[in-house]
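Undergrad: This structure is in structure tokens; I'll ask about it shortly.
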Amino acid sequence: MSQVSWVRQLILAVVLFTLGTVAYWLEFKHKPEKEKQEEQEKRLLVIKDTQIKSITLHNGNQTFTFNCSDLQAHLCKTGEASRWELAEPRKFKADDANVNSLLTTLGGLTSAETIDLSTETPEKKALLLKDYGLDPTSRKLGKQIKIVTTSNETVLSIGQEHPIGGSFFVVKEGPGSNPDVIYLLPTYIKANLEHDLTFWRDKKLLVVAPNEIESFELEGPQTHLSASRVDGQWILKSDHQEVTGDNESIDRLLSAVTAAVAKSFSSDDKNSSEAKDVLNSAKKMVTLSLQKGKGSEKEKPTPILLSLFEKRSSQKKTMKKGGPEISIVGDQLFGTVSNLDPLFQLDVSFKDRVNKNLKDLRMSKLLSMMDHFSTRRLEFSGKPVGKSPVVLTQTDGKWKNQANQKEEIPQDKIRDLLDKLSGNRIVDFMAATNTPPGEKDGLILKMGDDKNAAKHSFVFWKNDKRLYGKDLQSKRNETFIIDPTLEGALPWHKDYFQAKPNPTQPRTTSPASAALPAKS
């Protein structure tokens, strides 16, 4: 019987463990680091986690220089929301989003292929550089990208396009560069060098957030209203009327205004003769005055005034193929902001997002979402339900009939009613003089929470296939035209909230009746 060699088994285990460790290191440690190093070597600009002081784009006779405004905050890096300023051709606030996008693009530039000129003779090298558009004269007149960091400066000179297409010849000057190496750079970088001044300038009309605005005044062709925020709820005033504003509609208006950007700049000075000529031929359409809250300041800031002007462009006559001559009339929209100098040109559709009237901004819901979820009591009365009102209360998350706590109430019907009441159900508003008959025989709904049993009171009635309603607690004597989708969720008879018997449930019989013989 042969004896097992434990020494040999131990040596074999050690060898296998060592080989496994080496394989693991090569696969999961060495290989990723090597690939990362190779990827870094392909990058033309190693600027990750590096503070960028400025970026300069040169395209022939056009030069743009952007200076980072966040150096002290250490935010002038790729991937950060840095703030930028145009220093050349003129000093302007830059479009931060566009410049940060440019910086991200530059940080990701990689060259899939390089050309080594180190083995070429000086004459051949000079000839090739001229063919590539990278000789000293071509570099000065051509396209260049310069990155200045807190420690060094790198310049990429972009030459001719590769004959096969899809890439440009590029030479790099700066730290770690080799004048004998020509990089092939993807052609998409060209688009960044062909943008005009408008693209790089800050085109935002307002530097204020919607939640910072505490009041505003809006004047349009057929409306003049004011709005103020009171305890989180907007109150609208117009023509001696005061109504509750729809927070969602007003938030959409303020969001559209505060996010507005210009298409272009008609003039850098709205008071110039050129700008005045434009405005004199246009008609003022909308004026919006925004009052920002004072916050921690002692006094409120000066209101910001946004004015919109519409101009009819001259008619342009064109010819349809094989058809008659037609005329096309285009509109132009211009804007001025009280605390900014330029005369902006805006997208024509912006006027419709700002030109709102009282009906557009007032509450079109019968119930707010907050009241929707705080409602604990529903009382229905009036002719449709009879002499005795139907009162439903919510206890432990379940709705029950107050008169009969054991009665089963369909919970989905209550949810459906509250959902529809808290939606935009008011289609239009009518004066009291135009109110159709039927209110006296209508359905009265009182809604309450834990503190107030009748926080809201409404009456609903039908007339000529239309649903109408009225807020019984409102001081305004007006009638609502209600969306017909609400009609099916209202109890037009007393038994509406009674659970229907389950047809699949077997019918029960008493023991006495079960003992009786069946009739023949």
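We label chains A, B, ... in the order they appear in the structure tokens, count residues from 1 in each chain, and number ligands from 1 in the order shown.
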Please, which residues in range 302-399 of chain A fall within 10 Å of range 206-221 of chain A when counting only C-alpha atoms, and what is the closest atom pair and distance in Å to one decimal for each, ordered by chain then residue number, as a tab-separated table?

TA:
```
residue	atom	partner	partner_atom	distance
A:Pro303	CA	A:Phe216	CA	8.7
A:Ile304	CA	A:Leu206	CA	8.4
A:Leu305	CA	A:Glu217	CA	9.4
A:Leu306	CA	A:Leu206	CA	8.8
A:Ser307	CA	A:Glu219	CA	9.7
A:Leu308	CA	A:Gly220	CA	9.7
A:Val337	CA	A:Leu206	CA	7.9
A:Asn339	CA	A:Leu206	CA	9.1
A:Leu340	CA	A:Leu206	CA	9.0
A:Val354	CA	A:Leu218	CA	8.7
A:Asn355	CA	A:Gly220	CA	6.1
A:Lys356	CA	A:Gly220	CA	7.6
A:Asn357	CA	A:Gly220	CA	7.9
A:Leu358	CA	A:Leu218	CA	9.9
```

Undergrad: Can you list, as a PyMOL selection string, every protein, DNA or RNA residue that comes within 9 Å of Ser374 in chain A when you count only C-alpha atoms, leaving out same-chain residues fewer than 6 positions away?

TA: chain A and resi 448-450

Undergrad: Quick one: everything within 7 Å of Thr375 in chain A, counting only C-alpha atoms, minus sequence neighbours fewer than 2 positions away in the same chain. Send it as a compact mmCIF listing (two decimals) with C-alpha atoms, in the first residue's frame.

TA:
```
# COMPACT_ATOMS: atom_id res chain seq x y z
CA ASP A 371 -57.92 69.48 0.98
CA HIS A 372 -58.31 66.28 -1.01
CA PHE A 373 -56.18 64.31 1.46
CA ARG A 377 -66.37 64.27 6.37
CA MET A 447 -66.82 68.82 2.95
CA GLY A 448 -64.85 69.03 6.18
CA ASP A 449 -61.66 68.00 7.93
```

Undergrad: With only C-alpha atoms as the counted atoms, please give the residues lying no more than 12 Å from Asp495 in chain A, apart from itself and same-chain residues fewer than 6 positions off, as a list in words.

TA: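 Listing them by chain and then by number gives Phe380, Pro384, Val385, Gly386, Pro389, Val390, Asn401, Glu407, Glu408, Ile409 and Pro410 of chain A.
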
Undergrad: Any chance you could export the current selection's all heavy atoms as a CSV table (one decimal), in the first residue's frame?

TA:
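Writing done, so here's again-v9.csv:
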```
chain,number,residue,atom,x,y,z
A,380,PHE,N,-74.1,65.0,2.0
A,380,PHE,CA,-74.9,65.2,0.8
A,380,PHE,C,-76.3,65.5,1.2
A,380,PHE,O,-76.9,64.7,2.0
A,380,PHE,CB,-74.8,64.0,-0.1
A,380,PHE,CG,-73.4,63.6,-0.5
A,380,PHE,CD1,-72.7,62.7,0.3
A,380,PHE,CD2,-72.8,64.2,-1.6
A,380,PHE,CE1,-71.4,62.3,-0.1
A,380,PHE,CE2,-71.5,63.8,-1.9
A,380,PHE,CZ,-70.8,62.9,-1.2
A,384,PRO,N,-82.0,65.5,-4.6
A,384,PRO,CA,-81.6,64.2,-5.2
A,384,PRO,C,-81.5,63.1,-4.1
A,384,PRO,O,-81.7,61.9,-4.4
A,384,PRO,CB,-80.2,64.4,-5.8
A,384,PRO,CG,-80.2,65.9,-6.1
A,384,PRO,CD,-81.0,66.5,-5.1
A,385,VAL,N,-81.1,63.4,-2.8
A,385,VAL,CA,-80.9,62.4,-1.8
A,385,VAL,C,-82.1,62.3,-0.8
A,385,VAL,O,-82.1,61.5,0.1
A,385,VAL,CB,-79.6,62.6,-1.0
A,385,VAL,CG1,-78.4,62.4,-1.9
A,385,VAL,CG2,-79.6,63.9,-0.3
A,386,GLY,N,-83.1,63.2,-1.0
A,386,GLY,CA,-84.3,63.1,-0.1
A,386,GLY,C,-84.2,64.1,1.1
A,386,GLY,O,-83.3,64.9,1.1
A,389,PRO,N,-80.2,64.0,5.1
A,389,PRO,CA,-78.9,64.0,4.4
A,389,PRO,C,-78.1,62.7,4.6
A,389,PRO,O,-78.3,62.0,5.5
A,389,PRO,CB,-78.1,65.2,5.1
A,389,PRO,CG,-78.8,65.3,6.4
A,389,PRO,CD,-80.2,64.9,6.2
A,390,VAL,N,-77.2,62.5,3.7
A,390,VAL,CA,-76.3,61.3,3.8
A,390,VAL,C,-74.9,61.9,4.2
A,390,VAL,O,-74.3,62.7,3.6
A,390,VAL,CB,-76.1,60.6,2.4
A,390,VAL,CG1,-75.1,59.5,2.5
A,390,VAL,CG2,-77.5,60.1,1.9
A,401,ASN,N,-70.8,55.1,6.9
A,401,ASN,CA,-72.1,55.9,7.0
A,401,ASN,C,-72.3,56.3,8.5
A,401,ASN,O,-72.3,55.4,9.3
A,401,ASN,CB,-73.3,55.1,6.5
A,401,ASN,CG,-74.5,56.0,6.3
A,401,ASN,OD1,-74.8,56.9,7.0
A,401,ASN,ND2,-75.3,55.6,5.3
A,407,GLU,N,-72.8,49.6,8.0
A,407,GLU,CA,-73.1,49.6,6.5
A,407,GLU,C,-71.7,49.7,5.7
A,407,GLU,O,-70.9,50.5,6.0
A,407,GLU,CB,-74.0,50.8,6.1
A,407,GLU,CG,-74.3,50.7,4.7
A,407,GLU,CD,-75.2,51.9,4.3
A,407,GLU,OE1,-75.8,52.6,5.2
A,407,GLU,OE2,-75.4,52.2,3.1
A,408,GLU,N,-71.6,48.8,4.8
A,408,GLU,CA,-70.4,48.8,4.0
A,408,GLU,C,-70.5,49.9,2.9
A,408,GLU,O,-71.5,50.0,2.2
A,408,GLU,CB,-70.2,47.4,3.3
A,408,GLU,CG,-68.9,47.3,2.5
A,408,GLU,CD,-68.8,46.0,1.9
A,408,GLU,OE1,-69.6,45.1,2.2
A,408,GLU,OE2,-67.9,45.8,1.0
A,409,ILE,N,-69.4,50.7,2.8
A,409,ILE,CA,-69.4,51.8,1.8
A,409,ILE,C,-68.3,51.5,0.8
A,409,ILE,O,-67.2,51.2,1.1
A,409,ILE,CB,-69.0,53.2,2.5
A,409,ILE,CG1,-70.1,53.5,3.6
A,409,ILE,CG2,-68.9,54.3,1.5
A,409,ILE,CD1,-71.4,53.8,3.0
A,410,PRO,N,-68.6,51.6,-0.5
A,410,PRO,CA,-67.6,51.4,-1.5
A,410,PRO,C,-66.6,52.5,-1.5
A,410,PRO,O,-66.8,53.6,-1.8
A,410,PRO,CB,-68.5,51.4,-2.8
A,410,PRO,CG,-69.9,51.3,-2.4
A,410,PRO,CD,-70.0,51.8,-1.0
```

Undergrad: Env of Lys359 in chain A: 9 Å cut, atoms = only C-alpha atoms, seq-sep filter 5 positions within chain, self excluded. Answer as a ChimeraX atom specification.

TA: /A:364,428-429

Undergrad: Those residues you just picked out, can you put them in a file as a CSV table (one decimal), in the first residue's frame with C-alpha atoms?

TA:
```csv
chain,number,residue,atom,x,y,z
A,364,SER,CA,-60.1,75.9,-11.9
A,428,ASP,CA,-65.9,78.3,-17.5
A,429,PHE,CA,-67.3,81.0,-15.2
```
